[in-house]
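Report on one structure; see the data block that follows.
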Amino acid sequence: MKAPEIISIGALNCDITAFVTKFPEAEQKINAVGYVPPKAAGVALDCLTMIKNLGYSCGHIGKMGDDEYANIIERELREENIDCSYCKRIPGERSSLAWVLVNPDSGERCHIMLPMSEKGMLTTDEIDEMSEYICSAKAVHMEMLQMPMEPMYRIAQICKEKGVVTSMDIDIAPRFLYEYKYSDPELLGKTLREVDIIKLCKDAVRDLTTETDMEKAAVAILNEYGMRVLIITIGEKGCVIAWKEDEQVKSATVPGFELPGVKDTTGAGDAFQGGFIYGYLKGLPMVKAAQLGNACGYLKSRNIGARNMPDKKTVENFLQEYGWTGI
């Protein structure tokens with residue numbers, strides 16, 4: 001089988017989604033107004049799905065349990081032509097789960113996550129064993145939410161040696177990475193210096209800089225760690241981006257699409273990153289790649305489910321209204 005063009009590496013979850021008119025408080029009992037049966041998901045896998053929908057061949061590396069949830073994950077990936085030959089079942093283990101509560105009126109959501117045990121975490125030795133597969137890709141995308149950082153650092157190292165573009169979504173504030181023993185400040189710093197494209201959730205910013213202005217914060221973090229591109233997502237407002245161009249650091253705030261029709265924001269940030277990576281690999285100017293990401297994030301939020309991503313035609317038709325002629 002031909003190696004995929006884009007590979008993602010991260011947790012394999014099953015999301016179980018309930019729709020609620022309000023989020024419960026302590027001691028409350030509320031009724032759901034609807035639900036979605038278990039579906040495959042994961043920060044990196046969600047992003048990969050957006051990239052696949054835009055036209056690249058894709059594969060995922062991760063671990064799952066040996067249960068009915070793993071059956072769901074495998075079936076969905078195969079049906080979507082995502083290479084899962086490096087998605088490993090761990091005998092006797094439970095797959096990673098996430099319970100997602102979504103307010104259908106606003107699209108807001110919250111998560112309760114139950115990661116796999118330590119047996120479900122990738123190791124640096126396993127990464128070395130898969131290095132040929134990893135380095136055959138055009139780009140590798142990683143997540144930092146439910147994974148130890150040491151293997152991610154190793155991936156960044158071997159990809160840099162081979163000229164493979166790397167991207168990482170830090171979807172949790174570093175202080176929690178330290179609390180959960182996924183990383184420490186020294187390892188985080190080393191990893192940030194090796195990865196090409198870093199996307200931070202807004203909550204992560206205050207752990208990396210004292211700057212409170214988001215655009216200044218993006219520039220400060222890029223100057224500190226030296227990645228090619230630093231992105232801070234700011235929800236429906238869009239994103240802030242800093243990048244290196246002609247030996248200069250440039251920055252921009254790229255507005256999002258604050259339009260009606262939002263049903264479920266689960267996976268919207270992952271869709272953004274998938275759109276951005278696609279645009280980056282196609283050689284789009286940075287601001288235009290960020291606009292593409294914003295469009296993908298908005299269009300995903302009109303769909304229910306973390307990986308219910310828009311297809312390429314939907315994205316192109318939407319962007320035609322803003323003067324684009326294709327992607």
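To be explicit about the labels: the chains of the structure tokens are called A, B, and onward in the order shown, and within each one the residues are counted from 1, while ligands get numbers from 1 in the order they are shown.
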
message: Can you pull out the residues contacting Lys52 of chain A? Cut-off 9 Å, using only C-alpha atoms, and skip same-chain residues under 6 positions away; I want them as a ChimeraX atom specification.
response: /A:6,58,80-82,274,311

task: Just list the residues in segment 73-105 of chain A DSSP gives alpha helix (DSSP H) on the backbone, as a ChimeraX atom specification.
output: /A:73-79

Residues within 9 Å of Glu150 of chain A, only C-alpha atoms, excluding chain neighbours under 5 positions, as a ChimeraX atom specification: /A:123-124,155,182-183,187-188,191

Take the selection from the previous step and output its residues with N, CA, C and O atoms, as a tab-separated table (two decimals), in the first residue's frame.
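Contents of result09.tsv, freshly written:
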```
chain	number	residue	atom	x	y	z
A	123	THR	N	5.27	5.09	22.85
A	123	THR	CA	6.60	5.21	23.43
A	123	THR	C	7.59	5.64	22.36
A	123	THR	O	7.34	5.49	21.15
A	124	THR	N	8.74	6.14	22.78
A	124	THR	CA	9.76	6.55	21.82
A	124	THR	C	10.29	5.34	21.04
A	124	THR	O	10.61	5.47	19.85
A	155	ILE	N	9.35	12.33	17.38
A	155	ILE	CA	8.80	12.47	16.04
A	155	ILE	C	9.29	13.76	15.40
A	155	ILE	O	9.71	13.78	14.23
A	182	TYR	N	2.39	14.54	31.56
A	182	TYR	CA	2.62	14.34	30.13
A	182	TYR	C	3.91	15.04	29.67
A	182	TYR	O	4.49	14.65	28.66
A	183	SER	N	4.31	16.07	30.39
A	183	SER	CA	5.49	16.83	30.00
A	183	SER	C	6.01	17.58	31.22
A	183	SER	O	5.46	17.50	32.32
A	187	LEU	N	11.05	19.83	28.61
A	187	LEU	CA	10.67	19.02	27.46
A	187	LEU	C	9.74	19.80	26.54
A	187	LEU	O	9.86	19.71	25.31
A	188	LEU	N	8.81	20.53	27.11
A	188	LEU	CA	7.92	21.35	26.28
A	188	LEU	C	8.72	22.35	25.46
A	188	LEU	O	8.50	22.49	24.25
A	191	THR	N	10.52	20.67	22.58
A	191	THR	CA	9.59	20.25	21.53
A	191	THR	C	9.12	21.44	20.70
A	191	THR	O	9.07	21.37	19.47
```

field: Polymer residues at most 7 Å from Asp270 of chain A, only C-alpha atoms, same-chain spacing of 2 or more positions, as number ranges by chain
entry: A: 43, 46-47, 267-268, 272-274

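Nearest-residue note for Asp264 of chain A: choosing from A:Glu27, A:Glu316, A:Asp105, A:Glu215, the minimum distance belongs to A:Asp105, counting only C-alpha atoms.
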
message: I'd like the contact shell of Tyr180 of chain A - 12 Å cut-off, only C-alpha atoms, skipping same-chain residues fewer than 2 positions apart - returned as a ChimeraX atom specification.
response: /A:115,118,144-149,172-178,182-184

Would you mind exporting N, CA and C atoms of the selected residues as a compact mmCIF listing (two decimals), in the first residue's frame?
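File written: selection-v8.txt
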```txt
# COMPACT_ATOMS: atom_id res chain seq x y z
N PRO A 115 -9.03 8.99 29.41
CA PRO A 115 -7.96 8.44 28.56
C PRO A 115 -7.71 6.97 28.87
N GLU A 118 -1.73 3.80 30.92
CA GLU A 118 -0.39 4.02 30.39
C GLU A 118 -0.08 3.10 29.21
N MET A 144 -1.30 17.37 21.62
CA MET A 144 -0.95 17.33 23.03
C MET A 144 -2.21 17.61 23.84
N LEU A 145 -2.88 16.52 24.17
CA LEU A 145 -4.04 16.58 25.05
C LEU A 145 -4.08 15.34 25.93
N GLN A 146 -3.91 14.16 25.28
CA GLN A 146 -3.95 12.90 26.02
C GLN A 146 -2.74 12.03 25.72
N MET A 147 -1.62 12.64 25.35
CA MET A 147 -0.44 11.88 24.97
C MET A 147 0.80 12.40 25.70
N PRO A 148 1.76 11.53 26.05
CA PRO A 148 3.02 12.00 26.61
C PRO A 148 3.82 12.74 25.54
N MET A 149 4.59 13.73 25.95
CA MET A 149 5.28 14.57 24.99
C MET A 149 6.59 13.97 24.49
N ILE A 172 -4.31 21.99 25.36
CA ILE A 172 -4.47 22.04 26.81
C ILE A 172 -3.36 22.95 27.34
N ALA A 173 -3.66 23.71 28.36
CA ALA A 173 -2.65 24.61 28.92
C ALA A 173 -1.46 23.82 29.47
N PRO A 174 -0.24 24.29 29.26
CA PRO A 174 0.94 23.56 29.75
C PRO A 174 0.89 23.20 31.22
N ARG A 175 0.28 24.03 32.05
CA ARG A 175 0.23 23.70 33.48
C ARG A 175 -0.47 22.37 33.73
N PHE A 176 -1.45 22.03 32.87
CA PHE A 176 -2.13 20.75 33.01
C PHE A 176 -1.30 19.61 32.43
N LEU A 177 -0.51 19.90 31.38
CA LEU A 177 0.42 18.89 30.88
C LEU A 177 1.39 18.47 31.99
N TYR A 178 1.84 19.44 32.77
CA TYR A 178 2.75 19.14 33.87
C TYR A 178 2.02 18.39 34.99
N TYR A 182 2.39 14.54 31.56
CA TYR A 182 2.62 14.34 30.13
C TYR A 182 3.91 15.04 29.67
N SER A 183 4.31 16.07 30.39
CA SER A 183 5.49 16.83 30.00
C SER A 183 6.01 17.58 31.22
N ASP A 184 7.12 18.30 31.00
CA ASP A 184 7.65 19.23 31.99
C ASP A 184 8.12 20.46 31.20
```

message: Measuring between only C-alpha atoms, which one of A:Gly283, A:Ala290, A:Tyr133, A:Gly163 shows the shortest distance to Ala252 of chain A?
response: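 Under the stated criterion, the closest residue is A:Ala290.
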
message: Using only C-alpha atoms, which protein or nucleic acid residues come within 10 Å of Thr210 of chain A? Drop anything in the same chain fewer than 4 positions from it, and give the result as a ChimeraX atom specification.
response: /A:205-206,216-217,220-221

Requested write-out: N, CA and C atoms of the selected residues, as a PDB file, in the first residue's frame:
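Result file part-v4.pdb:
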```pdb
ATOM      1  N   VAL A 205      -1.734  30.287  26.423  1.00  0.00           N
ATOM      2  CA  VAL A 205      -0.864  31.447  26.168  1.00  0.00           C
ATOM      3  C   VAL A 205      -0.238  31.975  27.459  1.00  0.00           C
ATOM      4  N   ARG A 206      -1.032  32.083  28.520  1.00  0.00           N
ATOM      5  CA  ARG A 206      -0.518  32.700  29.746  1.00  0.00           C
ATOM      6  C   ARG A 206       0.551  31.852  30.431  1.00  0.00           C
ATOM      7  N   LYS A 216       0.753  40.312  20.180  1.00  0.00           N
ATOM      8  CA  LYS A 216       2.081  40.468  20.784  1.00  0.00           C
ATOM      9  C   LYS A 216       2.528  39.160  21.436  1.00  0.00           C
ATOM     10  N   ALA A 217       1.577  38.444  22.026  1.00  0.00           N
ATOM     11  CA  ALA A 217       1.907  37.152  22.645  1.00  0.00           C
ATOM     12  C   ALA A 217       2.396  36.164  21.598  1.00  0.00           C
ATOM     13  N   ALA A 220       5.896  37.074  20.674  1.00  0.00           N
ATOM     14  CA  ALA A 220       6.822  36.785  21.771  1.00  0.00           C
ATOM     15  C   ALA A 220       7.127  35.292  21.856  1.00  0.00           C
ATOM     16  N   ILE A 221       6.105  34.449  21.709  1.00  0.00           N
ATOM     17  CA  ILE A 221       6.312  32.998  21.792  1.00  0.00           C
ATOM     18  C   ILE A 221       7.146  32.513  20.609  1.00  0.00           C
TER      19      ILE A 221
END
```

message: One decimal, in Å: what's the spacing between atom CA of Gly226 of chain A and atom CA of Asp128 of chain A?
response: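 Atom-to-atom, atom CA of Gly226 of chain A and atom CA of Asp128 of chain A are spaced 25.1 Å apart.
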
message: So the first atom is atom CA of Tyr298 of chain A and the second is atom CA of Leu200 of chain A; what is the distance between them in Å, to one decimal place?
response: 17.9 Å

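Closest approach to Asn13 of chain A from the set A:Lys29, A:Arg228, A:Lys312, A:Lys39 is made by A:Lys39, with distances taken over only C-alpha atoms.
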
Who sits within 12 Å of Glu321 of chain A, only C-alpha atoms, same chain under 6 positions skipped, as a PDB file with C-alpha atoms, in the first residue's frame:
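Saved as result_26.pdb:
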```pdb
ATOM      1  CA  PHE A 257     -16.689  34.035  10.125  1.00  0.00           C
ATOM      2  CA  ALA A 295     -13.643  28.828   6.953  1.00  0.00           C
ATOM      3  CA  THR A 314     -18.539  22.972   0.367  1.00  0.00           C
ATOM      4  CA  VAL A 315     -15.436  24.901   1.423  1.00  0.00           C
TER       5      VAL A 315
END
```
